[in-house]
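Next comes upload_0.txt, a file with compact mmCIF, C-alpha atoms.
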```txt
# COMPACT_ATOMS: atom_id res chain seq x y z
CA MET A 1 0.00 0.00 0.00
CA PRO A 2 1.44 3.38 -0.94
CA ASP A 3 1.89 5.92 1.82
CA LYS A 4 -0.43 8.91 2.15
CA LEU A 5 2.01 11.35 0.54
CA THR A 6 2.30 9.11 -2.53
CA ILE A 7 -1.49 8.96 -2.77
CA ALA A 8 -1.74 12.76 -2.45
CA ALA A 9 0.83 13.20 -5.24
CA GLN A 10 -1.60 11.51 -7.67
CA TYR A 11 -3.83 14.59 -7.58
CA ARG A 12 -3.06 17.46 -9.95
CA GLY A 13 -1.81 20.58 -8.20
CA ILE A 14 -0.78 18.85 -4.97
CA VAL A 15 2.87 18.76 -3.97
CA PRO A 16 3.18 16.60 -0.85
CA VAL A 17 5.94 17.48 1.61
CA ASP A 18 7.14 15.14 4.34
CA MET A 19 7.51 17.58 7.24
CA THR A 20 9.63 15.08 9.16
CA LYS A 21 12.30 15.31 6.46
CA GLU A 22 11.87 18.76 4.96
CA ASP A 23 11.05 22.30 6.11
CA VAL A 24 7.67 23.05 4.53
CA VAL A 25 8.14 26.85 4.67
CA ALA A 26 11.50 26.59 2.88
CA ARG A 27 10.05 24.19 0.29
CA ILE A 28 7.10 26.48 -0.47
CA ALA A 29 9.42 29.49 -0.72
CA LYS A 30 11.66 27.56 -3.14
CA ASP A 31 8.77 26.30 -5.29
CA THR A 32 7.03 29.71 -5.46
CA GLY A 33 10.06 32.01 -5.78
CA GLY A 34 9.44 33.28 -2.25
CA TRP A 35 5.87 34.37 -3.03
CA GLY A 36 3.88 31.69 -1.16
CA VAL A 37 0.81 29.68 -2.10
CA ASP A 38 -2.72 30.95 -2.76
CA LYS A 39 -4.36 28.67 -0.21
CA VAL A 40 -2.97 26.93 2.85
CA PHE A 41 -5.00 24.04 4.26
CA GLU A 42 -4.24 23.21 7.90
CA CYS A 43 -5.77 19.79 8.44
CA SER A 44 -3.97 18.45 11.51
CA GLY A 45 -5.33 20.75 14.19
CA ALA A 46 -1.91 20.55 15.86
CA ALA A 47 -1.14 23.77 17.73
CA ALA A 48 2.48 23.69 16.52
CA ALA A 49 1.34 23.88 12.89
CA PHE A 50 -0.16 27.35 13.30
CA GLY A 51 3.18 29.02 13.98
CA SER A 52 4.38 28.87 10.38
CA LEU A 53 1.11 29.05 8.45
CA ALA A 54 1.39 32.76 7.60
CA GLN A 55 4.84 32.20 6.11
CA CYS A 56 3.40 29.65 3.67
CA ALA A 57 0.74 31.90 2.12
CA ARG A 58 1.21 34.63 -0.46
CA PRO A 59 0.14 38.18 0.44
CA GLY A 60 -3.67 38.23 0.29
CA GLY A 61 -3.75 34.43 0.42
CA CYS A 62 -6.24 32.30 2.27
CA MET A 63 -5.75 30.16 5.36
CA ILE A 64 -8.27 27.31 5.47
CA LEU A 65 -8.50 25.72 8.90
CA VAL A 66 -9.88 22.20 8.66
CA GLY A 67 -8.17 20.41 11.56
CA MET A 68 -9.77 20.88 14.97
CA SER A 69 -7.44 21.67 17.83
CA SER A 70 -8.06 20.17 21.24
CA GLY A 71 -7.88 23.65 22.81
CA PRO A 72 -7.04 27.30 22.13
CA VAL A 73 -4.22 27.94 19.67
CA GLU A 74 -1.79 30.85 19.78
CA ILE A 75 -1.25 32.68 16.47
CA ASP A 76 0.68 35.77 15.44
CA ILE A 77 -2.29 37.85 14.28
CA VAL A 78 -0.01 40.75 13.32
CA ALA A 79 1.83 38.51 10.83
CA TRP A 80 -1.51 37.37 9.40
CA GLN A 81 -2.81 40.94 9.13
CA ALA A 82 0.43 42.30 7.63
CA ARG A 83 0.07 39.76 4.82
CA GLU A 84 -3.69 40.53 4.55
CA LEU A 85 -4.53 36.86 4.87
CA ARG A 86 -8.11 35.66 4.79
CA ILE A 87 -9.17 32.97 7.22
CA GLU A 88 -11.80 30.36 6.41
CA THR A 89 -12.86 27.63 8.78
CA VAL A 90 -14.56 24.30 8.30
CA PHE A 91 -16.55 22.56 11.01
CA ARG A 92 -17.88 19.13 10.15
CA TYR A 93 -18.04 20.21 6.52
CA ALA A 94 -21.20 22.27 7.06
CA ASN A 95 -22.20 24.18 3.93
CA ILE A 96 -19.76 22.29 1.68
CA PHE A 97 -21.02 18.70 1.92
CA ASP A 98 -23.46 19.01 -1.01
CA ARG A 99 -20.81 20.62 -3.20
CA ALA A 100 -18.28 17.89 -2.34
CA ILE A 101 -20.78 15.16 -3.24
CA ALA A 102 -21.61 16.92 -6.53
CA LEU A 103 -17.90 17.07 -7.43
CA ILE A 104 -17.49 13.35 -6.71
CA VAL A 105 -20.66 12.38 -8.62
CA SER A 106 -19.60 14.47 -11.63
CA GLY A 107 -16.27 12.66 -11.80
CA LYS A 108 -14.28 15.86 -11.26
CA ILE A 109 -12.78 14.33 -8.12
CA ASP A 110 -11.80 10.66 -7.99
CA VAL A 111 -11.84 9.46 -4.39
CA THR A 112 -10.94 5.87 -5.29
CA PRO A 113 -7.24 6.25 -4.30
CA LEU A 114 -8.37 7.45 -0.86
CA ILE A 115 -10.37 4.30 -0.05
CA THR A 116 -8.04 1.89 1.70
CA LYS A 117 -10.50 -0.90 2.46
CA THR A 118 -14.19 -1.67 1.93
CA TYR A 119 -16.23 -3.76 4.38
CA ASP A 120 -19.71 -5.19 3.91
CA PHE A 121 -22.32 -3.79 6.28
CA ALA A 122 -22.39 -7.11 8.14
CA ASP A 123 -18.74 -6.45 9.04
CA ALA A 124 -19.26 -2.80 10.05
CA ILE A 125 -17.94 -3.37 13.57
CA MET A 126 -14.68 -4.68 12.08
CA ALA A 127 -14.53 -1.56 9.89
CA PHE A 128 -14.92 0.74 12.90
CA ASP A 129 -12.40 -1.32 14.87
CA ARG A 130 -9.91 -0.86 12.05
CA ALA A 131 -10.62 2.87 11.81
CA VAL A 132 -9.95 3.24 15.55
CA GLN A 133 -6.52 1.63 15.04
CA ALA A 134 -5.52 4.70 12.94
CA ARG A 135 -3.06 2.72 10.87
CA PRO A 136 -0.56 5.04 9.19
CA ASP A 137 -1.31 3.58 5.75
CA ASP A 138 -5.12 3.88 6.05
CA VAL A 139 -6.76 6.91 4.49
CA LYS A 140 -10.50 6.11 4.47
CA ILE A 141 -12.40 2.97 5.43
CA GLN A 142 -15.67 2.41 3.55
CA ILE A 143 -18.78 0.41 4.47
CA ASN A 144 -20.86 -1.17 1.69
CA MET A 145 -24.53 -0.63 2.59
CA THR A 146 -26.00 -2.79 -0.20
CA GLY A 147 -28.49 -5.25 1.26
CA SER A 148 -28.51 -3.68 4.70
CA ARG A 149 -31.60 -2.67 6.67
CA TYR A 150 -30.69 0.97 6.12
CA GLN A 151 -32.70 3.25 3.89
CA ILE A 152 -30.60 4.37 0.91
CA SER A 153 -31.19 7.70 -0.77
CA ARG A 154 -29.68 8.36 -4.21
CA VAL A 155 -27.70 11.61 -4.46
CA GLY A 156 -26.67 11.59 -8.12
CA MET A 157 -28.47 11.18 -11.40
CA ASN A 158 -27.25 7.75 -12.46
CA LYS A 159 -26.62 4.30 -11.05
CA SER A 160 -22.88 4.85 -10.70
CA SER A 161 -23.28 7.84 -8.41
CA ASP A 162 -22.48 8.10 -4.74
CA CYS A 163 -25.18 7.69 -2.12
CA LEU A 164 -26.07 8.74 1.36
CA ALA A 165 -27.07 6.17 3.93
CA TYR A 166 -29.44 7.21 6.71
CA SER A 167 -30.44 5.76 10.06
CA PRO A 168 -32.07 2.33 10.31
CA HIS A 169 -35.82 1.85 9.98
CA LYS A 170 -36.21 2.06 13.72
CA ARG A 171 -37.95 4.88 15.56
CA GLY A 172 -35.79 6.78 17.96
CA ALA A 173 -32.50 5.54 16.47
CA PRO A 174 -29.78 8.18 16.29
CA ARG A 175 -29.53 9.79 12.87
CA ARG A 176 -26.29 9.14 11.03
CA VAL A 177 -25.14 10.13 7.54
CA ILE A 178 -22.38 8.20 5.77
CA LEU A 179 -20.88 9.03 2.36
CA LEU A 180 -20.63 5.89 0.26
CA LYS A 181 -18.90 5.16 -3.02
CA THR A 182 -20.78 3.55 -5.90
CA ILE A 183 -22.13 0.47 -4.22
CA CYS A 184 -25.80 1.33 -3.79
CA GLU A 185 -28.44 -0.21 -5.97
CA SER A 186 -31.70 1.52 -6.86
```
Transcribe the structure of this file into structure tokens.
Amino acid sequence: MPDKLTIAAQYRGIVPVDMTKEDVVARIAKDTGGWGVDKVFECSGAAAAFGSLAQCARPGGCMILVGMSSGPVEIDIVAWQARELRIETVFRYANIFDRAIALIVSGKIDVTPLITKTYDFADAIMAFDRAVQARPDDVKIQINMTGSRYQISRVGMNKSSDCLAYSPHKRGAPRRVILLKTICES
């Protein structure tokens, strides 16, 4: 199984950097002639990552905070303001979920390389057990809902589209939404 950086390199416009072996700020400066990148995605939520974010973005660039920190994070707001950086945040993908599904359904984004393993619904507990292990080579674990007791709702326009799976046909059950890849039948 290829590592996560190798998988990321398959996508156009992504230059993965192993921060354990290379200074990301220096690499971005080298690759952009010292200008910086248009958008910086912070996905770890690690407090230490915030210290160098402003140095990665170009003047007027955008900082997109996806990772959730476990507590308050200290940032150099003066450095962010001096570079006129915009800050966008994401919390549980509110307001972007529909757009993400549309991009996947249209074929503009191929998520196949991100799916490490698929489990049948009958083996869902094994899938969650594996996800909890947080193996370094796992990206996403998928559960095939075909044939389950769950109600399936089609998101796309054709049979090969992605689906959303909702809570079981049981009153009072907690409501859950799971993005699935092309394994639902009409």
Please return the centre and edge lengths, in Å to one decimal, of a box with edges along x, y and z that contains all listed atoms of segment 84-88 of chain A, widened by 4 Å on every side, as JSON.
```
{"center_x": -7.7, "center_y": 35.4, "center_z": 5.9, "size_x": 16.1, "size_y": 18.2, "size_z": 10.7}
```
Contact residues around Ala124 of chain A with only C-alpha atoms at 10 Å, ignoring same-chain residues under 5 positions, as a list in words: Thr118, Tyr119, Asp129, Arg130, Gln142, Ile143, Asn144 and Met145 of chain A
Given only C-alpha atoms as the basis, pick out the residue of A:Val90, A:Val139, A:Ile77, A:Ala8 nearest to Ser52 of chain A. A:Ile77
Any idea what's packed within 12 Å of Ile64 of chain A, counting all atoms listed in the file, ignoring anything in its chain fewer than 4 positions away? Could you give it as a list of chain:residue names?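 The filter keeps A:Asp38, A:Lys39, A:Val40, A:Phe41, A:Glu42, A:Cys43, A:Ser44, A:Gly45, A:Phe50, A:Leu53, A:Ala54, A:Ala57, A:Met68, A:Leu85, A:Arg86, A:Ile87, A:Glu88, A:Thr89, A:Val90, A:Phe91.
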Minimum-distance residue to Leu5 of chain A, chosen among A:Met126, A:Leu114, A:Arg83, A:Ala134 (using only C-alpha atoms):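 Comparing A:Met126, A:Leu114, A:Arg83, A:Ala134 against Leu5 of chain A, the winner is A:Leu114.
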Between atom CA of Phe121 of chain A and atom CA of Asp137 of chain A, what is the distance in Å, rounded to a tenth?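 Spanning atom CA of Phe121 of chain A to atom CA of Asp137 of chain A is a straight-line distance of 22.3 Å.
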In Å, rounded to a single decimal, give me how far atom CA of Val73 of chain A is from atom CA of Ala47 of chain A. 5.5 Å
May I have the residues within 12 Å of Asp23 of chain A as a PyMOL selection string, using only C-alpha atoms and disregarding those fewer than 4 positions away in the same chain? chain A and resi 16-19+27-30+49+52+55-56
Pick the closest to Trp35 of chain A from A:Pro72, A:Gly13, A:Pro59, A:Gly51: which is it, counting only C-alpha atoms?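 Looking at the shortest contact to Trp35 of chain A, the residue is A:Pro59.
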The distance between atom CA of Lys108 of chain A and atom CA of Ala9 of chain A is 16.5 Å
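Between Ser69 of chain A and the residues A:Ala48, A:Ala82, A:Ala100, A:Val111, the shortest atom-to-atom distance, using all atoms listed in the file, involves A:Ala48.
Between Val37 of chain A and the residues A:Ala94, A:Asp110, A:Lys117, A:Val15, the shortest atom-to-atom distance, using all atoms listed in the file, involves A:Val15.
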When you get a chance, write out N, CA and C atoms for segment 71-101 of chain A, as a PDB file, in the coordinates of the input.
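Final output, part.pdb:
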```
ATOM      1  N   GLY A  71      -7.740  22.491  21.924  1.00  0.00           N
ATOM      2  CA  GLY A  71      -7.880  23.650  22.810  1.00  0.00           C
ATOM      3  C   GLY A  71      -7.492  24.914  22.067  1.00  0.00           C
ATOM      4  N   PRO A  72      -7.423  26.039  22.769  1.00  0.00           N
ATOM      5  CA  PRO A  72      -7.040  27.300  22.130  1.00  0.00           C
ATOM      6  C   PRO A  72      -5.650  27.213  21.496  1.00  0.00           C
ATOM      7  N   VAL A  73      -5.473  27.940  20.399  1.00  0.00           N
ATOM      8  CA  VAL A  73      -4.220  27.940  19.670  1.00  0.00           C
ATOM      9  C   VAL A  73      -3.696  29.374  19.589  1.00  0.00           C
ATOM     10  N   GLU A  74      -2.417  29.541  19.861  1.00  0.00           N
ATOM     11  CA  GLU A  74      -1.790  30.850  19.780  1.00  0.00           C
ATOM     12  C   GLU A  74      -1.338  31.105  18.346  1.00  0.00           C
ATOM     13  N   ILE A  75      -1.713  32.291  17.812  1.00  0.00           N
ATOM     14  CA  ILE A  75      -1.250  32.680  16.470  1.00  0.00           C
ATOM     15  C   ILE A  75      -0.712  34.099  16.532  1.00  0.00           C
ATOM     16  N   ASP A  76       0.133  34.426  15.568  1.00  0.00           N
ATOM     17  CA  ASP A  76       0.680  35.770  15.440  1.00  0.00           C
ATOM     18  C   ASP A  76      -0.250  36.560  14.515  1.00  0.00           C
ATOM     19  N   ILE A  77      -1.279  37.157  15.085  1.00  0.00           N
ATOM     20  CA  ILE A  77      -2.290  37.850  14.280  1.00  0.00           C
ATOM     21  C   ILE A  77      -1.696  39.011  13.505  1.00  0.00           C
ATOM     22  N   VAL A  78      -0.655  39.653  14.031  1.00  0.00           N
ATOM     23  CA  VAL A  78      -0.010  40.750  13.320  1.00  0.00           C
ATOM     24  C   VAL A  78       0.596  40.255  12.011  1.00  0.00           C
ATOM     25  N   ALA A  79       1.256  39.087  12.048  1.00  0.00           N
ATOM     26  CA  ALA A  79       1.830  38.510  10.830  1.00  0.00           C
ATOM     27  C   ALA A  79       0.732  38.191   9.814  1.00  0.00           C
ATOM     28  N   TRP A  80      -0.407  37.697  10.289  1.00  0.00           N
ATOM     29  CA  TRP A  80      -1.510  37.370   9.400  1.00  0.00           C
ATOM     30  C   TRP A  80      -2.100  38.645   8.803  1.00  0.00           C
ATOM     31  N   GLN A  81      -2.253  39.681   9.630  1.00  0.00           N
ATOM     32  CA  GLN A  81      -2.810  40.940   9.130  1.00  0.00           C
ATOM     33  C   GLN A  81      -1.849  41.629   8.175  1.00  0.00           C
ATOM     34  N   ALA A  82      -0.553  41.632   8.488  1.00  0.00           N
ATOM     35  CA  ALA A  82       0.430  42.300   7.630  1.00  0.00           C
ATOM     36  C   ALA A  82       0.444  41.696   6.226  1.00  0.00           C
ATOM     37  N   ARG A  83       0.129  40.417   6.132  1.00  0.00           N
ATOM     38  CA  ARG A  83       0.070  39.760   4.820  1.00  0.00           C
ATOM     39  C   ARG A  83      -1.349  39.776   4.244  1.00  0.00           C
ATOM     40  N   GLU A  84      -2.286  40.420   4.978  1.00  0.00           N
ATOM     41  CA  GLU A  84      -3.690  40.530   4.550  1.00  0.00           C
ATOM     42  C   GLU A  84      -4.284  39.165   4.208  1.00  0.00           C
ATOM     43  N   LEU A  85      -4.042  38.215   5.088  1.00  0.00           N
ATOM     44  CA  LEU A  85      -4.530  36.860   4.870  1.00  0.00           C
ATOM     45  C   LEU A  85      -5.996  36.739   5.263  1.00  0.00           C
ATOM     46  N   ARG A  86      -6.725  35.995   4.468  1.00  0.00           N
ATOM     47  CA  ARG A  86      -8.110  35.660   4.790  1.00  0.00           C
ATOM     48  C   ARG A  86      -8.108  34.346   5.545  1.00  0.00           C
ATOM     49  N   ILE A  87      -9.047  34.194   6.441  1.00  0.00           N
ATOM     50  CA  ILE A  87      -9.170  32.970   7.220  1.00  0.00           C
ATOM     51  C   ILE A  87     -10.546  32.367   6.961  1.00  0.00           C
ATOM     52  N   GLU A  88     -10.556  31.102   6.564  1.00  0.00           N
ATOM     53  CA  GLU A  88     -11.800  30.360   6.410  1.00  0.00           C
ATOM     54  C   GLU A  88     -11.720  29.145   7.320  1.00  0.00           C
ATOM     55  N   THR A  89     -12.832  28.791   7.905  1.00  0.00           N
ATOM     56  CA  THR A  89     -12.860  27.630   8.780  1.00  0.00           C
ATOM     57  C   THR A  89     -13.875  26.618   8.284  1.00  0.00           C
ATOM     58  N   VAL A  90     -13.649  25.380   8.650  1.00  0.00           N
ATOM     59  CA  VAL A  90     -14.560  24.300   8.300  1.00  0.00           C
ATOM     60  C   VAL A  90     -14.873  23.544   9.585  1.00  0.00           C
ATOM     61  N   PHE A  91     -16.148  23.347   9.857  1.00  0.00           N
ATOM     62  CA  PHE A  91     -16.550  22.560  11.010  1.00  0.00           C
ATOM     63  C   PHE A  91     -17.519  21.492  10.542  1.00  0.00           C
ATOM     64  N   ARG A  92     -17.067  20.278  10.564  1.00  0.00           N
ATOM     65  CA  ARG A  92     -17.880  19.130  10.150  1.00  0.00           C
ATOM     66  C   ARG A  92     -18.450  19.309   8.747  1.00  0.00           C
ATOM     67  N   TYR A  93     -17.731  20.034   7.938  1.00  0.00           N
ATOM     68  CA  TYR A  93     -18.040  20.210   6.520  1.00  0.00           C
ATOM     69  C   TYR A  93     -19.408  20.819   6.267  1.00  0.00           C
ATOM     70  N   ALA A  94     -19.921  21.577   7.244  1.00  0.00           N
ATOM     71  CA  ALA A  94     -21.200  22.270   7.060  1.00  0.00           C
ATOM     72  C   ALA A  94     -21.069  23.203   5.862  1.00  0.00           C
ATOM     73  N   ASN A  95     -22.094  23.277   5.082  1.00  0.00           N
ATOM     74  CA  ASN A  95     -22.200  24.180   3.930  1.00  0.00           C
ATOM     75  C   ASN A  95     -21.324  23.791   2.750  1.00  0.00           C
ATOM     76  N   ILE A  96     -20.548  22.721   2.825  1.00  0.00           N
ATOM     77  CA  ILE A  96     -19.760  22.290   1.680  1.00  0.00           C
ATOM     78  C   ILE A  96     -20.013  20.829   1.315  1.00  0.00           C
ATOM     79  N   PHE A  97     -20.782  20.131   2.126  1.00  0.00           N
ATOM     80  CA  PHE A  97     -21.020  18.700   1.920  1.00  0.00           C
ATOM     81  C   PHE A  97     -21.695  18.452   0.567  1.00  0.00           C
ATOM     82  N   ASP A  98     -22.745  19.206   0.261  1.00  0.00           N
ATOM     83  CA  ASP A  98     -23.460  19.010  -1.010  1.00  0.00           C
ATOM     84  C   ASP A  98     -22.553  19.265  -2.200  1.00  0.00           C
ATOM     85  N   ARG A  99     -21.723  20.296  -2.110  1.00  0.00           N
ATOM     86  CA  ARG A  99     -20.810  20.620  -3.200  1.00  0.00           C
ATOM     87  C   ARG A  99     -19.773  19.506  -3.379  1.00  0.00           C
ATOM     88  N   ALA A 100     -19.261  18.981  -2.271  1.00  0.00           N
ATOM     89  CA  ALA A 100     -18.280  17.890  -2.340  1.00  0.00           C
ATOM     90  C   ALA A 100     -18.894  16.662  -3.007  1.00  0.00           C
ATOM     91  N   ILE A 101     -20.119  16.317  -2.639  1.00  0.00           N
ATOM     92  CA  ILE A 101     -20.780  15.160  -3.240  1.00  0.00           C
ATOM     93  C   ILE A 101     -20.983  15.404  -4.737  1.00  0.00           C
TER      94      ILE A 101
END
```
